[in-house]
$ cat input11.cif   # mmCIF, N, CA and C atoms; chains and numbers go by the auth columns
data_start
loop_
_atom_site.group_PDB
_atom_site.id
_atom_site.type_symbol
_atom_site.label_atom_id
_atom_site.label_comp_id
_atom_site.label_asym_id
_atom_site.label_seq_id
_atom_site.Cartn_x
_atom_site.Cartn_y
_atom_site.Cartn_z
_atom_site.B_iso_or_equiv
_atom_site.auth_seq_id
_atom_site.auth_asym_id
ATOM 1 N N MET A 1 -54.003 -27.997 10.032 0.00 30 A
ATOM 2 C CA MET A 1 -53.119 -28.031 8.898 0.00 30 A
ATOM 3 C C MET A 1 -53.278 -26.745 8.101 0.00 30 A
ATOM 4 N N ALA A 2 -52.158 -26.075 7.910 0.00 31 A
ATOM 5 C CA ALA A 2 -52.211 -24.791 7.219 0.00 31 A
ATOM 6 C C ALA A 2 -52.011 -25.013 5.732 0.00 31 A
ATOM 7 N N THR A 3 -52.786 -24.293 4.964 0.00 32 A
ATOM 8 C CA THR A 3 -52.606 -24.369 3.515 0.00 32 A
ATOM 9 C C THR A 3 -51.594 -23.311 3.108 0.00 32 A
ATOM 10 N N GLU A 4 -50.694 -23.685 2.206 0.00 33 A
ATOM 11 C CA GLU A 4 -49.671 -22.748 1.759 0.00 33 A
ATOM 12 C C GLU A 4 -50.181 -21.991 0.547 0.00 33 A
ATOM 13 N N PHE A 5 -50.046 -20.695 0.647 0.00 34 A
ATOM 14 C CA PHE A 5 -50.460 -19.848 -0.461 0.00 34 A
ATOM 15 C C PHE A 5 -49.227 -19.501 -1.281 0.00 34 A
ATOM 16 N N PRO A 6 -49.368 -19.449 -2.585 0.00 35 A
ATOM 17 C CA PRO A 6 -48.216 -19.082 -3.412 0.00 35 A
ATOM 18 C C PRO A 6 -47.796 -17.639 -3.115 0.00 35 A
ATOM 19 N N LEU A 7 -46.501 -17.400 -3.242 0.00 36 A
ATOM 20 C CA LEU A 7 -45.998 -16.052 -3.001 0.00 36 A
ATOM 21 C C LEU A 7 -46.530 -15.096 -4.055 0.00 36 A
ATOM 22 N N SER A 8 -46.751 -13.884 -3.632 0.00 37 A
ATOM 23 C CA SER A 8 -47.194 -12.885 -4.598 0.00 37 A
ATOM 24 C C SER A 8 -46.043 -12.593 -5.561 0.00 37 A
ATOM 25 N N GLU A 9 -46.379 -12.018 -6.646 0.00 38 A
ATOM 26 C CA GLU A 9 -45.373 -11.721 -7.680 0.00 38 A
ATOM 27 C C GLU A 9 -44.279 -10.807 -7.133 0.00 38 A
ATOM 28 N N GLN A 10 -44.658 -9.802 -6.372 0.00 39 A
ATOM 29 C CA GLN A 10 -43.690 -8.863 -5.814 0.00 39 A
ATOM 30 C C GLN A 10 -42.774 -9.566 -4.801 0.00 39 A
ATOM 31 N N ALA A 11 -43.333 -10.405 -3.953 0.00 40 A
ATOM 32 C CA ALA A 11 -42.527 -11.118 -2.964 0.00 40 A
ATOM 33 C C ALA A 11 -41.556 -12.077 -3.652 0.00 40 A
ATOM 34 N N ARG A 12 -41.994 -12.697 -4.720 0.00 41 A
ATOM 35 C CA ARG A 12 -41.134 -13.612 -5.454 0.00 41 A
ATOM 36 C C ARG A 12 -39.981 -12.855 -6.104 0.00 41 A
ATOM 37 N N ARG A 13 -40.263 -11.674 -6.662 0.00 42 A
ATOM 38 C CA ARG A 13 -39.200 -10.861 -7.265 0.00 42 A
ATOM 39 C C ARG A 13 -38.173 -10.425 -6.226 0.00 42 A
ATOM 40 N N GLU A 14 -38.661 -10.030 -5.047 0.00 43 A
ATOM 41 C CA GLU A 14 -37.743 -9.618 -3.988 0.00 43 A
ATOM 42 C C GLU A 14 -36.869 -10.782 -3.539 0.00 43 A
ATOM 43 N N GLN A 15 -37.454 -11.958 -3.429 0.00 44 A
ATOM 44 C CA GLN A 15 -36.691 -13.135 -3.032 0.00 44 A
ATOM 45 C C GLN A 15 -35.646 -13.477 -4.088 0.00 44 A
ATOM 46 N N GLU A 16 -36.011 -13.405 -5.364 0.00 45 A
ATOM 47 C CA GLU A 16 -35.060 -13.675 -6.437 0.00 45 A
ATOM 48 C C GLU A 16 -33.929 -12.656 -6.445 0.00 45 A
ATOM 49 N N LYS A 17 -34.260 -11.380 -6.170 0.00 46 A
ATOM 50 C CA LYS A 17 -33.232 -10.336 -6.123 0.00 46 A
ATOM 51 C C LYS A 17 -32.267 -10.602 -4.977 0.00 46 A
ATOM 52 N N ARG A 18 -32.768 -11.004 -3.811 0.00 47 A
ATOM 53 C CA ARG A 18 -31.893 -11.326 -2.680 0.00 47 A
ATOM 54 C C ARG A 18 -31.001 -12.511 -3.010 0.00 47 A
ATOM 55 N N GLU A 19 -31.569 -13.513 -3.671 0.00 48 A
ATOM 56 C CA GLU A 19 -30.764 -14.675 -4.062 0.00 48 A
ATOM 57 C C GLU A 19 -29.690 -14.289 -5.066 0.00 48 A
ATOM 58 N N ASP A 20 -30.029 -13.429 -6.023 0.00 49 A
ATOM 59 C CA ASP A 20 -29.052 -12.958 -7.000 0.00 49 A
ATOM 60 C C ASP A 20 -27.943 -12.160 -6.321 0.00 49 A
ATOM 61 N N ASP A 21 -28.320 -11.297 -5.382 0.00 50 A
ATOM 62 C CA ASP A 21 -27.327 -10.505 -4.653 0.00 50 A
ATOM 63 C C ASP A 21 -26.396 -11.408 -3.850 0.00 50 A
ATOM 64 N N THR A 22 -26.958 -12.412 -3.215 0.00 51 A
ATOM 65 C CA THR A 22 -26.145 -13.351 -2.439 0.00 51 A
ATOM 66 C C THR A 22 -25.210 -14.132 -3.349 0.00 51 A
ATOM 67 N N ARG A 23 -25.704 -14.571 -4.488 0.00 52 A
ATOM 68 C CA ARG A 23 -24.889 -15.320 -5.438 0.00 52 A
ATOM 69 C C ARG A 23 -23.744 -14.456 -5.959 0.00 52 A
ATOM 70 N N PHE A 24 -24.044 -13.187 -6.256 0.00 53 A
ATOM 71 C CA PHE A 24 -23.007 -12.271 -6.743 0.00 53 A
ATOM 72 C C PHE A 24 -21.943 -12.048 -5.674 0.00 53 A
ATOM 73 N N THR A 25 -22.374 -11.845 -4.428 0.00 54 A
ATOM 74 C CA THR A 25 -21.434 -11.634 -3.330 0.00 54 A
ATOM 75 C C THR A 25 -20.543 -12.857 -3.138 0.00 54 A
ATOM 76 N N ASN A 26 -21.127 -14.037 -3.185 0.00 55 A
ATOM 77 C CA ASN A 26 -20.344 -15.265 -3.027 0.00 55 A
ATOM 78 C C ASN A 26 -19.357 -15.441 -4.178 0.00 55 A
ATOM 79 N N SER A 27 -19.785 -15.126 -5.384 0.00 56 A
ATOM 80 C CA SER A 27 -18.889 -15.232 -6.541 0.00 56 A
ATOM 81 C C SER A 27 -17.737 -14.241 -6.432 0.00 56 A
ATOM 82 N N LEU A 28 -18.038 -13.036 -6.008 0.00 57 A
ATOM 83 C CA LEU A 28 -17.003 -12.017 -5.848 0.00 57 A
ATOM 84 C C LEU A 28 -16.016 -12.414 -4.756 0.00 57 A
ATOM 85 N N ALA A 29 -16.504 -12.954 -3.656 0.00 58 A
ATOM 86 C CA ALA A 29 -15.625 -13.404 -2.575 0.00 58 A
ATOM 87 C C ALA A 29 -14.732 -14.543 -3.059 0.00 58 A
ATOM 88 N N GLY A 30 -15.263 -15.461 -3.823 0.00 59 A
ATOM 89 C CA GLY A 30 -14.471 -16.556 -4.367 0.00 59 A
ATOM 90 C C GLY A 30 -13.390 -16.054 -5.309 0.00 59 A
ATOM 91 N N PHE A 31 -13.726 -15.073 -6.128 0.00 60 A
ATOM 92 C CA PHE A 31 -12.751 -14.491 -7.048 0.00 60 A
ATOM 93 C C PHE A 31 -11.617 -13.815 -6.286 0.00 60 A
ATOM 94 N N VAL A 32 -11.966 -13.072 -5.241 0.00 61 A
ATOM 95 C CA VAL A 32 -10.949 -12.379 -4.442 0.00 61 A
ATOM 96 C C VAL A 32 -10.017 -13.389 -3.770 0.00 61 A
ATOM 97 N N VAL A 33 -10.575 -14.460 -3.238 0.00 62 A
ATOM 98 C CA VAL A 33 -9.755 -15.491 -2.599 0.00 62 A
ATOM 99 C C VAL A 33 -8.816 -16.130 -3.622 0.00 62 A
ATOM 100 N N ALA A 34 -9.334 -16.447 -4.795 0.00 63 A
ATOM 101 C CA ALA A 34 -8.501 -17.049 -5.835 0.00 63 A
ATOM 102 C C ALA A 34 -7.398 -16.093 -6.284 0.00 63 A
ATOM 103 N N LEU A 35 -7.720 -14.813 -6.414 0.00 64 A
ATOM 104 C CA LEU A 35 -6.729 -13.813 -6.804 0.00 64 A
ATOM 105 C C LEU A 35 -5.640 -13.682 -5.748 0.00 64 A
ATOM 106 N N MET A 36 -6.022 -13.650 -4.490 0.00 65 A
ATOM 107 C CA MET A 36 -5.046 -13.549 -3.405 0.00 65 A
ATOM 108 C C MET A 36 -4.136 -14.778 -3.372 0.00 65 A
ATOM 109 N N LEU A 37 -4.697 -15.959 -3.568 0.00 66 A
ATOM 110 C CA LEU A 37 -3.885 -17.172 -3.607 0.00 66 A
ATOM 111 C C LEU A 37 -2.888 -17.128 -4.765 0.00 66 A
ATOM 112 N N GLY A 38 -3.329 -16.618 -5.900 0.00 67 A
ATOM 113 C CA GLY A 38 -2.437 -16.486 -7.049 0.00 67 A
ATOM 114 C C GLY A 38 -1.299 -15.521 -6.788 0.00 67 A
ATOM 115 N N ILE A 39 -1.591 -14.387 -6.161 0.00 68 A
ATOM 116 C CA ILE A 39 -0.562 -13.389 -5.859 0.00 68 A
ATOM 117 C C ILE A 39 0.440 -13.950 -4.850 0.00 68 A
ATOM 118 N N VAL A 40 -0.051 -14.577 -3.792 0.00 69 A
ATOM 119 C CA VAL A 40 0.832 -15.165 -2.790 0.00 69 A
ATOM 120 C C VAL A 40 1.682 -16.271 -3.420 0.00 69 A
ATOM 121 N N GLY A 41 1.077 -17.095 -4.241 0.00 70 A
ATOM 122 C CA GLY A 41 1.817 -18.162 -4.924 0.00 70 A
ATOM 123 C C GLY A 41 2.917 -17.608 -5.815 0.00 70 A
ATOM 124 N N PHE A 42 2.645 -16.508 -6.494 0.00 71 A
ATOM 125 C CA PHE A 42 3.637 -15.882 -7.362 0.00 71 A
ATOM 126 C C PHE A 42 4.853 -15.435 -6.562 0.00 71 A
ATOM 127 N N TYR A 43 4.624 -14.764 -5.422 0.00 72 A
ATOM 128 C CA TYR A 43 5.729 -14.296 -4.599 0.00 72 A
ATOM 129 C C TYR A 43 6.498 -15.456 -3.971 0.00 72 A
ATOM 130 N N VAL A 44 5.810 -16.504 -3.601 0.00 73 A
ATOM 131 C CA VAL A 44 6.490 -17.679 -3.058 0.00 73 A
ATOM 132 C C VAL A 44 7.384 -18.302 -4.122 0.00 73 A
ATOM 133 N N LEU A 45 6.880 -18.426 -5.341 0.00 74 A
ATOM 134 C CA LEU A 45 7.682 -18.995 -6.423 0.00 74 A
ATOM 135 C C LEU A 45 8.898 -18.141 -6.744 0.00 74 A
ATOM 136 N N GLN A 46 8.752 -16.819 -6.692 0.00 75 A
ATOM 137 C CA GLN A 46 9.895 -15.941 -6.934 0.00 75 A
ATOM 138 C C GLN A 46 10.953 -16.136 -5.851 0.00 75 A
ATOM 139 N N GLY A 47 10.518 -16.230 -4.611 0.00 76 A
ATOM 140 C CA GLY A 47 11.460 -16.450 -3.514 0.00 76 A
ATOM 141 C C GLY A 47 12.171 -17.784 -3.643 0.00 76 A
ATOM 142 N N LEU A 48 11.441 -18.816 -4.040 0.00 77 A
ATOM 143 C CA LEU A 48 12.058 -20.127 -4.231 0.00 77 A
ATOM 144 C C LEU A 48 13.071 -20.107 -5.374 0.00 77 A
ATOM 145 N N ALA A 49 12.781 -19.351 -6.423 0.00 78 A
ATOM 146 C CA ALA A 49 13.709 -19.267 -7.555 0.00 78 A
ATOM 147 C C ALA A 49 15.008 -18.578 -7.133 0.00 78 A
ATOM 148 N N VAL A 50 14.906 -17.513 -6.368 0.00 79 A
ATOM 149 C CA VAL A 50 16.105 -16.805 -5.902 0.00 79 A
ATOM 150 C C VAL A 50 16.925 -17.712 -4.990 0.00 79 A
ATOM 151 N N THR A 51 16.259 -18.397 -4.083 0.00 80 A
ATOM 152 C CA THR A 51 16.954 -19.308 -3.177 0.00 80 A
ATOM 153 C C THR A 51 17.624 -20.440 -3.943 0.00 80 A
ATOM 154 N N SER A 52 16.949 -20.956 -4.945 0.00 81 A
ATOM 155 C CA SER A 52 17.505 -22.040 -5.748 0.00 81 A
ATOM 156 C C SER A 52 18.762 -21.590 -6.482 0.00 81 A
ATOM 157 N N LYS A 53 18.737 -20.396 -7.051 0.00 82 A
ATOM 158 C CA LYS A 53 19.911 -19.880 -7.757 0.00 82 A
ATOM 159 C C LYS A 53 21.082 -19.687 -6.798 0.00 82 A
ATOM 160 N N LEU A 54 20.800 -19.177 -5.601 0.00 83 A
ATOM 161 C CA LEU A 54 21.850 -18.981 -4.616 0.00 83 A
ATOM 162 C C LEU A 54 22.443 -20.322 -4.179 0.00 83 A
ATOM 163 N N GLU A 55 21.599 -21.309 -3.951 0.00 84 A
ATOM 164 C CA GLU A 55 22.078 -22.638 -3.561 0.00 84 A
ATOM 165 C C GLU A 55 22.902 -23.281 -4.670 0.00 84 A
ATOM 166 N N ASP A 56 22.479 -23.129 -5.913 0.00 85 A
ATOM 167 C CA ASP A 56 23.245 -23.674 -7.042 0.00 85 A
ATOM 168 C C ASP A 56 24.633 -23.052 -7.096 0.00 85 A
ATOM 169 N N CYS A 57 24.703 -21.750 -6.879 0.00 86 A
ATOM 170 C CA CYS A 57 25.987 -21.049 -6.896 0.00 86 A
ATOM 171 C C CYS A 57 26.880 -21.565 -5.771 0.00 86 A
ATOM 172 N N MET A 58 26.317 -21.713 -4.593 0.00 87 A
ATOM 173 C CA MET A 58 27.097 -22.161 -3.444 0.00 87 A
ATOM 174 C C MET A 58 27.551 -23.617 -3.621 0.00 87 A
ATOM 175 N N LEU A 59 26.721 -24.447 -4.215 0.00 88 A
ATOM 176 C CA LEU A 59 27.094 -25.844 -4.426 0.00 88 A
ATOM 177 C C LEU A 59 28.217 -25.995 -5.450 0.00 88 A
ATOM 178 N N GLN A 60 28.399 -24.982 -6.293 0.00 89 A
ATOM 179 C CA GLN A 60 29.497 -25.007 -7.259 0.00 89 A
ATOM 180 C C GLN A 60 30.815 -24.618 -6.608 0.00 89 A
ATOM 181 N N GLY A 61 30.761 -24.227 -5.339 0.00 90 A
ATOM 182 C CA GLY A 61 31.973 -23.889 -4.611 0.00 90 A
ATOM 183 C C GLY A 61 32.383 -22.435 -4.747 0.00 90 A
ATOM 184 N N ARG A 62 31.540 -21.613 -5.263 0.00 91 A
ATOM 185 C CA ARG A 62 31.882 -20.190 -5.404 0.00 91 A
ATOM 186 C C ARG A 62 31.758 -19.500 -4.056 0.00 91 A
ATOM 187 N N LEU A 63 32.556 -18.475 -3.851 0.00 92 A
ATOM 188 C CA LEU A 63 32.542 -17.758 -2.582 0.00 92 A
ATOM 189 C C LEU A 63 31.676 -16.502 -2.622 0.00 92 A
ATOM 190 N N ASN A 64 31.557 -15.890 -3.787 0.00 93 A
ATOM 191 C CA ASN A 64 30.780 -14.658 -3.909 0.00 93 A
ATOM 192 C C ASN A 64 29.552 -14.938 -4.770 0.00 93 A
ATOM 193 N N CYS A 65 28.456 -15.289 -4.134 0.00 94 A
ATOM 194 C CA CYS A 65 27.248 -15.662 -4.880 0.00 94 A
ATOM 195 C C CYS A 65 26.178 -14.570 -4.874 0.00 94 A
ATOM 196 N N GLU A 66 26.492 -13.405 -4.320 0.00 95 A
ATOM 197 C CA GLU A 66 25.513 -12.328 -4.307 0.00 95 A
ATOM 198 C C GLU A 66 25.364 -11.748 -5.698 0.00 95 A
ATOM 199 N N ARG A 67 24.172 -11.264 -5.990 0.00 96 A
ATOM 200 C CA ARG A 67 23.905 -10.689 -7.300 0.00 96 A
ATOM 201 C C ARG A 67 24.662 -9.368 -7.432 0.00 96 A
ATOM 202 N N ILE A 68 25.266 -9.147 -8.586 0.00 97 A
ATOM 203 C CA ILE A 68 26.023 -7.927 -8.839 0.00 97 A
ATOM 204 C C ILE A 68 25.113 -6.937 -9.545 0.00 97 A
ATOM 205 N N ASP A 69 25.040 -5.721 -9.006 0.00 98 A
ATOM 206 C CA ASP A 69 24.208 -4.671 -9.589 0.00 98 A
ATOM 207 C C ASP A 69 25.027 -3.946 -10.654 0.00 98 A
ATOM 208 N N MET A 70 24.744 -4.195 -11.913 0.00 99 A
ATOM 209 C CA MET A 70 25.505 -3.644 -13.019 0.00 99 A
ATOM 210 C C MET A 70 25.205 -2.157 -13.247 0.00 99 A
ATOM 211 N N GLN A 71 24.026 -1.692 -12.855 0.00 100 A
ATOM 212 C CA GLN A 71 23.677 -0.295 -13.091 0.00 100 A
ATOM 213 C C GLN A 71 24.545 0.631 -12.238 0.00 100 A
ATOM 214 N N SER A 72 24.778 0.254 -10.988 0.00 101 A
ATOM 215 C CA SER A 72 25.583 1.122 -10.123 0.00 101 A
ATOM 216 C C SER A 72 27.037 1.131 -10.583 0.00 101 A
ATOM 217 N N GLN A 73 27.527 0.031 -11.137 0.00 102 A
ATOM 218 C CA GLN A 73 28.908 -0.017 -11.633 0.00 102 A
ATOM 219 C C GLN A 73 29.057 0.835 -12.889 0.00 102 A
ATOM 220 N N SER A 74 28.084 0.773 -13.790 0.00 103 A
ATOM 221 C CA SER A 74 28.177 1.563 -15.015 0.00 103 A
ATOM 222 C C SER A 74 28.019 3.047 -14.729 0.00 103 A
ATOM 223 N N ALA A 75 27.256 3.411 -13.686 0.00 104 A
ATOM 224 C CA ALA A 75 27.089 4.813 -13.328 0.00 104 A
ATOM 225 C C ALA A 75 28.393 5.356 -12.762 0.00 104 A
ATOM 226 N N GLY A 76 29.146 4.535 -12.046 0.00 105 A
ATOM 227 C CA GLY A 76 30.433 4.957 -11.488 0.00 105 A
ATOM 228 C C GLY A 76 31.464 5.153 -12.565 0.00 105 A
ATOM 229 N N LEU A 77 31.392 4.417 -13.654 0.00 106 A
ATOM 230 C CA LEU A 77 32.366 4.552 -14.731 0.00 106 A
ATOM 231 C C LEU A 77 32.129 5.806 -15.552 0.00 106 A
ATOM 232 N N GLU A 78 30.886 6.267 -15.616 0.00 107 A
ATOM 233 C CA GLU A 78 30.569 7.431 -16.434 0.00 107 A
ATOM 234 C C GLU A 78 31.023 8.734 -15.781 0.00 107 A
ATOM 235 N N GLU A 79 31.181 8.729 -14.474 0.00 108 A
ATOM 236 C CA GLU A 79 31.550 9.976 -13.773 0.00 108 A
ATOM 237 C C GLU A 79 32.963 10.363 -13.940 0.00 108 A
#

$ encode --input "input11.cif" --output "structure tokens"
Amino acid sequence: MATEFPLSEQARREQEKREDDTRFTNSLAGFVVALMLGIVGFYVLQGLAVTSKLEDCMLQGRLNCERIDMQSQSAGLEE
């Protein structure tokens, strides 16, 4: 039966530093995953909003439901 000796102070500090580094890495990875999910969710919601507006226009029986670019029309009038 082997007797367990307590870790030396230096070994304990090194172990705590490794644990802290691992915890920081895991926290950073979790943050990145959450940020990526938020960005993807934002773009999905924008796409759904555009599709919803187009469907609403089409359900009203309109034939021209494409978005009109007002900047290009106003630039043509100024020339």

$ atom_distance --input "input11.cif" --atom1 "CA of Arg41 (chain A)" --atom2 "CA of Ala58 (chain A)"
25.7 Å

$ atom_distance --input "input11.cif" --atom1 "atom C of Thr80 (chain A)" --atom2 "atom N of Asn93 (chain A)"
14.7 Å

$ atom_distance --input "input11.cif" --atom1 "CA of Arg91 (chain A)" --atom2 "CA of Gln75 (chain A)"
22.4 Å

$ residues_around --input "input11.cif" --residues "Glu84 (chain A)" --least-positions-apart "5" --cutoff "9 Å" --atoms "only C-alpha atoms" --output "PDB file with N, CA and C atoms, keeping the file's coordinate frame"
ATOM      1  N   VAL A  79      14.906 -17.513  -6.368  1.00  0.00           N
ATOM      2  CA  VAL A  79      16.105 -16.805  -5.902  1.00  0.00           C
ATOM      3  C   VAL A  79      16.925 -17.712  -4.990  1.00  0.00           C
ATOM      4  N   GLN A  89      28.399 -24.982  -6.293  1.00  0.00           N
ATOM      5  CA  GLN A  89      29.497 -25.007  -7.259  1.00  0.00           C
ATOM      6  C   GLN A  89      30.815 -24.618  -6.608  1.00  0.00           C
ATOM      7  N   CYS A  94      28.456 -15.289  -4.134  1.00  0.00           N
ATOM      8  CA  CYS A  94      27.248 -15.662  -4.880  1.00  0.00           C
ATOM      9  C   CYS A  94      26.178 -14.570  -4.874  1.00  0.00           C
TER      10      CYS A  94
END
